[in-house]
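Student: Below is one structure. I have some questions about it.
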Amino acid sequence: MSISSVNLLWQKRFRGLLPVRAHNLDDSGRALLIHPDPLEARTYQVLSVTPSGQSQELCAVSVETVHTFDAVPDGRLLLGVTNDNLYLFREGKKTRFMPDRRVAYSDVCLSPETGWFVCGFANAIQGAHAVAFGDANGRLGWMKDLRSAVNRVAISWDGRTVAVGTQEGQILALDNMRAPLWECVLEEPVTALAMPSAGPGCVAGTAAGTLLALDEEGGFRWRCPVGMPVLAVATDGQARWTAALLADGAAGLLTCLGPDGGPLWEYELEARPTGVCLSPSGKHLLVSAADGSVWLFDVDFTQAVGDPSARLPPQLAAARRAVEEGDLERACAGFSALLQAAPHEVAVAEEFEQARRQLVERRRAEAEAHSAEGRFRAALEALDAAFAHAPYDAELFTARVEARRRAAAECATRAEALEENRDWEAAGDAWLEALELDPANTAGRAALLRIRQAQAAALTSEGDRLRGTGDMAGAVERWQEAQRLHPTEELLQRLREAEVARCVATGIAHYEAQRMPEAAFQFKKALALDPGNDQAQRYLSYTQGMSAGSGIADRFARLE
């Protein structure tokens, strides 16, 4: 088993190097490494190493003895796990997660995109087990109790889905709101777990030596016995490639598999491996070992010898399954995405065309059924959906035009009946729907104008009535709604007069309370709308010679 394009970019060794984790590598090949400071106790150096092997210290964190660090690729957010504490390091600050609980943590995984994370833990006597979800500020989102010890946890790059692997062989997928998505039960303890950039699919490894990939519904994509216990697994952002670390003694083996679980490449490691990471694009591979060694490989698995299926991502199986399930929309979307990535795949194009034709015919049949029942708008929507997949079908275009005409006529008839019954709001909505279907319908626009005039007249009358009862606020509200429906100069003048009266009244209230700046502001607003308002001018002149600190002005105010 070999591939033509695998290159070792660099190999280094750092004393006490912590195991690399799922997201320690970005698409450029820049690796994040963490190891104890050789001189300062309780201090860890966070390094960034380029593909050329140049190292740069990003920061240093001070904390008690940590057995696991997980971090985003640029090092701005880190999680450190001790036997009974979980610390979050962000912008030079250290936060302890769940400080009021004494628990033993088993595993943790961090989402680079959102900073959300998931961790598995047990109580102090190992009698109760759970997983917890936290955010980038170290706040607890939720917890979920489990019946078995949590061996491994994983979270997608976008943080929307979580996977949990237990000692009893259970793999559970949850969304970020704790809702269960699926469950898969194996006969072996789960010892390794990894997730792609998005979606609830995952890859896993077991203590008995089995590697497997699960799809978005928890079904097996593939299953491969490897004969040695699996220590760690990694996958790329699309879950096409899988890298796994195997060990049954002091040495270990790195093995890489394709989209169907077929072996692509193996590499023997002289030291016991501790961690593995694939970049989201699958172009770089990072491996760490217990003796502090770390390797960065540049890989191109699409060039795998004897593996033609490696050129196609696993979405092909999902698209074919969608066809079998009758979900042709999802199938067509899947085939289309595949062809964008690989436009030369003739077989996929043929499957896409067959699914597209089935979908168009289905939508045609739905439109005919809707038309027979007089539901022309629904028929038009079905034909629009069909036309989106067959934009050059002349017969389909003609059918859409006729369906639109009949739907517009049906809306107009309904609108006229509602207008006759003086149901102005429903009639207006019906005319708007008719105009959306037929923008050239001038008679419909004239009818909509009549309706809005009638609505505005009713609102104006109601506002006049409220003004007569002293409810000026209610009157203004009705007039404003009437002005929105059918603007007139008369209504605008009423609103202007009402606003002037309100400003003057508010200004006088402030004046009497000796709040001169506020009073002057209101009087100036009134004069901006009505420059000749005598009352506003008079009171404004009163305020201009008075200030909050003027004792004489205060005395004159009291004399008034």
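Labels for the structure tokens follow display order: chains A, B, ..., residues from 1 in each chain, ligands from 1.
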Might you pull out every residue within 12 Å of Asp393 in chain A, with only C-alpha atoms counted and same-chain residues fewer than 5 positions away left off, and present them as an NGL selection string?

Tutor: :A and (357 or 360-361 or 383-384 or 386-388 or 398-400)

Student: Output as JSON lines one row per residue of range 84-187 of chain A within 8 Å of range 217-232 of chain A: the closest atom pair and its distance in Å to one decimal place, counting only C-alpha atoms, sorted by chain and residue number ascending.

Tutor:
{"residue": "A:Leu181", "atom": "CA", "partner": "A:Glu217", "partner_atom": "CA", "distance": 7.4}
{"residue": "A:Trp182", "atom": "CA", "partner": "A:Gly218", "partner_atom": "CA", "distance": 5.6}
{"residue": "A:Glu183", "atom": "CA", "partner": "A:Gly218", "partner_atom": "CA", "distance": 6.3}
{"residue": "A:Cys184", "atom": "CA", "partner": "A:Gly218", "partner_atom": "CA", "distance": 6.1}

Student: Could you produce a table of the residues of range 452-513 of chain A lying within 7 Å of range 526-544 of chain A, with the nearest pair of atoms per residue and their separation in Å rounded to one decimal, using only C-alpha atoms, ordered by chain and increasing residue number, as JSON lines?

Tutor:
{"residue": "A:Arg496", "atom": "CA", "partner": "A:Leu529", "partner_atom": "CA", "distance": 6.8}
{"residue": "A:Val500", "atom": "CA", "partner": "A:Ala526", "partner_atom": "CA", "distance": 4.7}
{"residue": "A:Cys503", "atom": "CA", "partner": "A:Ala526", "partner_atom": "CA", "distance": 5.6}
{"residue": "A:Val504", "atom": "CA", "partner": "A:Ala536", "partner_atom": "CA", "distance": 6.1}

Student: Out of range 235-460 of chain A, which residues get strand (DSSP E or B) from DSSP, as a PyMOL selection string?

Tutor: chain A and resi 235+242-246+252-257+263-269+273-278+284-289+293-299+304

Student: Atoms to include: C-alpha atoms. Write the selected residues as a tab-separated table (two decimals), in the first residue's frame.

Tutor:
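Saved file again-v5.tsv follows:
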chain	number	residue	atom	x	y	z
A	235	THR	CA	-10.75	13.05	9.32
A	242	THR	CA	-9.36	8.94	7.59
A	243	ALA	CA	-6.05	8.77	9.42
A	244	ALA	CA	-5.72	6.41	12.38
A	245	LEU	CA	-3.06	5.54	14.93
A	246	LEU	CA	-2.73	1.88	15.94
A	252	GLY	CA	2.82	2.10	16.47
A	253	LEU	CA	1.39	2.37	13.01
A	254	LEU	CA	-0.15	5.27	11.09
A	255	THR	CA	-2.72	4.09	8.57
A	256	CYS	CA	-4.80	6.13	6.13
A	257	LEU	CA	-8.06	5.06	4.49
A	263	PRO	CA	-6.35	1.35	2.75
A	264	LEU	CA	-4.28	4.05	1.08
A	265	TRP	CA	-1.02	4.32	3.00
A	266	GLU	CA	0.78	3.05	6.11
A	267	TYR	CA	3.75	4.42	8.01
A	268	GLU	CA	5.52	2.65	10.86
A	269	LEU	CA	6.35	4.75	13.92
A	273	PRO	CA	1.91	7.47	18.88
A	274	THR	CA	-0.27	9.82	20.89
A	275	GLY	CA	-2.22	12.05	18.48
A	276	VAL	CA	-3.13	12.62	14.84
A	277	CYS	CA	-4.68	15.52	12.93
A	278	LEU	CA	-5.78	16.10	9.32
A	284	HIS	CA	-1.67	18.00	5.54
A	285	LEU	CA	-1.27	15.33	8.20
A	286	LEU	CA	0.22	15.84	11.69
A	287	VAL	CA	1.27	13.02	14.04
A	288	SER	CA	2.73	13.11	17.57
A	289	ALA	CA	4.41	10.40	19.64
A	293	SER	CA	8.45	13.44	18.23
A	294	VAL	CA	6.11	15.11	15.77
A	295	TRP	CA	5.79	14.70	12.01
A	296	LEU	CA	4.11	16.89	9.39
A	297	PHE	CA	3.26	15.26	6.06
A	298	ASP	CA	2.06	16.81	2.83
A	299	VAL	CA	-0.39	14.34	1.26
A	304	ALA	CA	-4.10	6.91	-4.51

Student: Rank A:Trp241, A:Trp142, A:Phe301, A:Phe117 by their smallest atom-to-atom distance to Asp158 in chain A, using only C-alpha atoms, and report the top residue only.

Tutor: A:Phe117

Student: Any chance you could list, as a PyMOL selection string, the residues in range 175-325 of chain A that come up alpha helix (DSSP H) when DSSP is run on the backbone?

Tutor: chain A and resi 315-325

Student: Would you save the residues from that selection as a PDB file, in the first residue's frame, using C-alpha atoms?

Tutor:
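In the end it all went to again39.pdb:
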ATOM      1  CA  GLN A 315     -21.824  12.569  -0.872  1.00  0.00           C
ATOM      2  CA  LEU A 316     -22.357  10.241  -3.838  1.00  0.00           C
ATOM      3  CA  ALA A 317     -23.677   7.520  -1.553  1.00  0.00           C
ATOM      4  CA  ALA A 318     -25.924  10.047   0.174  1.00  0.00           C
ATOM      5  CA  ALA A 319     -27.320  11.249  -3.174  1.00  0.00           C
ATOM      6  CA  ARG A 320     -28.004   7.688  -4.298  1.00  0.00           C
ATOM      7  CA  ARG A 321     -29.672   6.916  -0.993  1.00  0.00           C
ATOM      8  CA  ALA A 322     -31.864  10.004  -1.414  1.00  0.00           C
ATOM      9  CA  VAL A 323     -33.013   8.666  -4.783  1.00  0.00           C
ATOM     10  CA  GLU A 324     -33.919   5.349  -3.160  1.00  0.00           C
ATOM     11  CA  GLU A 325     -35.857   7.174  -0.440  1.00  0.00           C
TER      12      GLU A 325
END

Student: Quick one, how far is CA of Cys59 in chain A from CA of Gln45 in chain A?

Tutor: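 It comes out at 6.3 Å.
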
Student: When distances are computed from only C-alpha atoms, which of A:Asp145, A:Glu113, A:Asp291, A:Glu188 shows the smallest separation from Phe14 in chain A?

Tutor: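 Nearest candidate to Phe14 in chain A out of A:Asp145, A:Glu113, A:Asp291, A:Glu188: A:Asp291.
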
Student: Could you check which of A:Ala22, A:Met98, A:Ala41, A:Lys525 is closest to Val72 in chain A, using only C-alpha atoms?

Tutor: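 Of A:Ala22, A:Met98, A:Ala41, A:Lys525, the one nearest Val72 in chain A, counting only C-alpha atoms, is A:Ala22.
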
Student: Would you work out the distance separating CA of Val185 in chain A from CA of Leu172 in chain A, expressed in Å to one decimal?

Tutor: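 CA of Leu172 in chain A lies at a distance of 8.5 Å from CA of Val185 in chain A.
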
Student: Would you pick out the contacts of range 420-430 of chain A at 10 Å or less, using only C-alpha atoms, so that residues sharing its chain but fewer than 5 positions from it are not included, and give the list as a count of residues only?

Tutor: 19

Student: Measure the distance from CA of Trp157 in chain A to CA of Thr43 in chain A in Å and round it to one decimal.

Tutor: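 CA of Thr43 in chain A lies at a distance of 28.1 Å from CA of Trp157 in chain A.
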
Student: Please determine, counting only C-alpha atoms, which residue among A:Pro259, A:Leu338, A:Leu214, A:Val162 has the shortest atom-to-atom distance to Leu186 in chain A.

Tutor: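 Looking at the shortest contact to Leu186 in chain A, the residue is A:Leu214.
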
Student: Any idea what's packed within 7 Å of Phe69 in chain A, counting only C-alpha atoms, ignoring anything in its chain fewer than 2 positions away? Could you give it as a list in words?

Tutor: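 Here the qualifying residues turn out to be Leu18, Ala71, Leu78, Leu79, Gly80 and Val81 of chain A.
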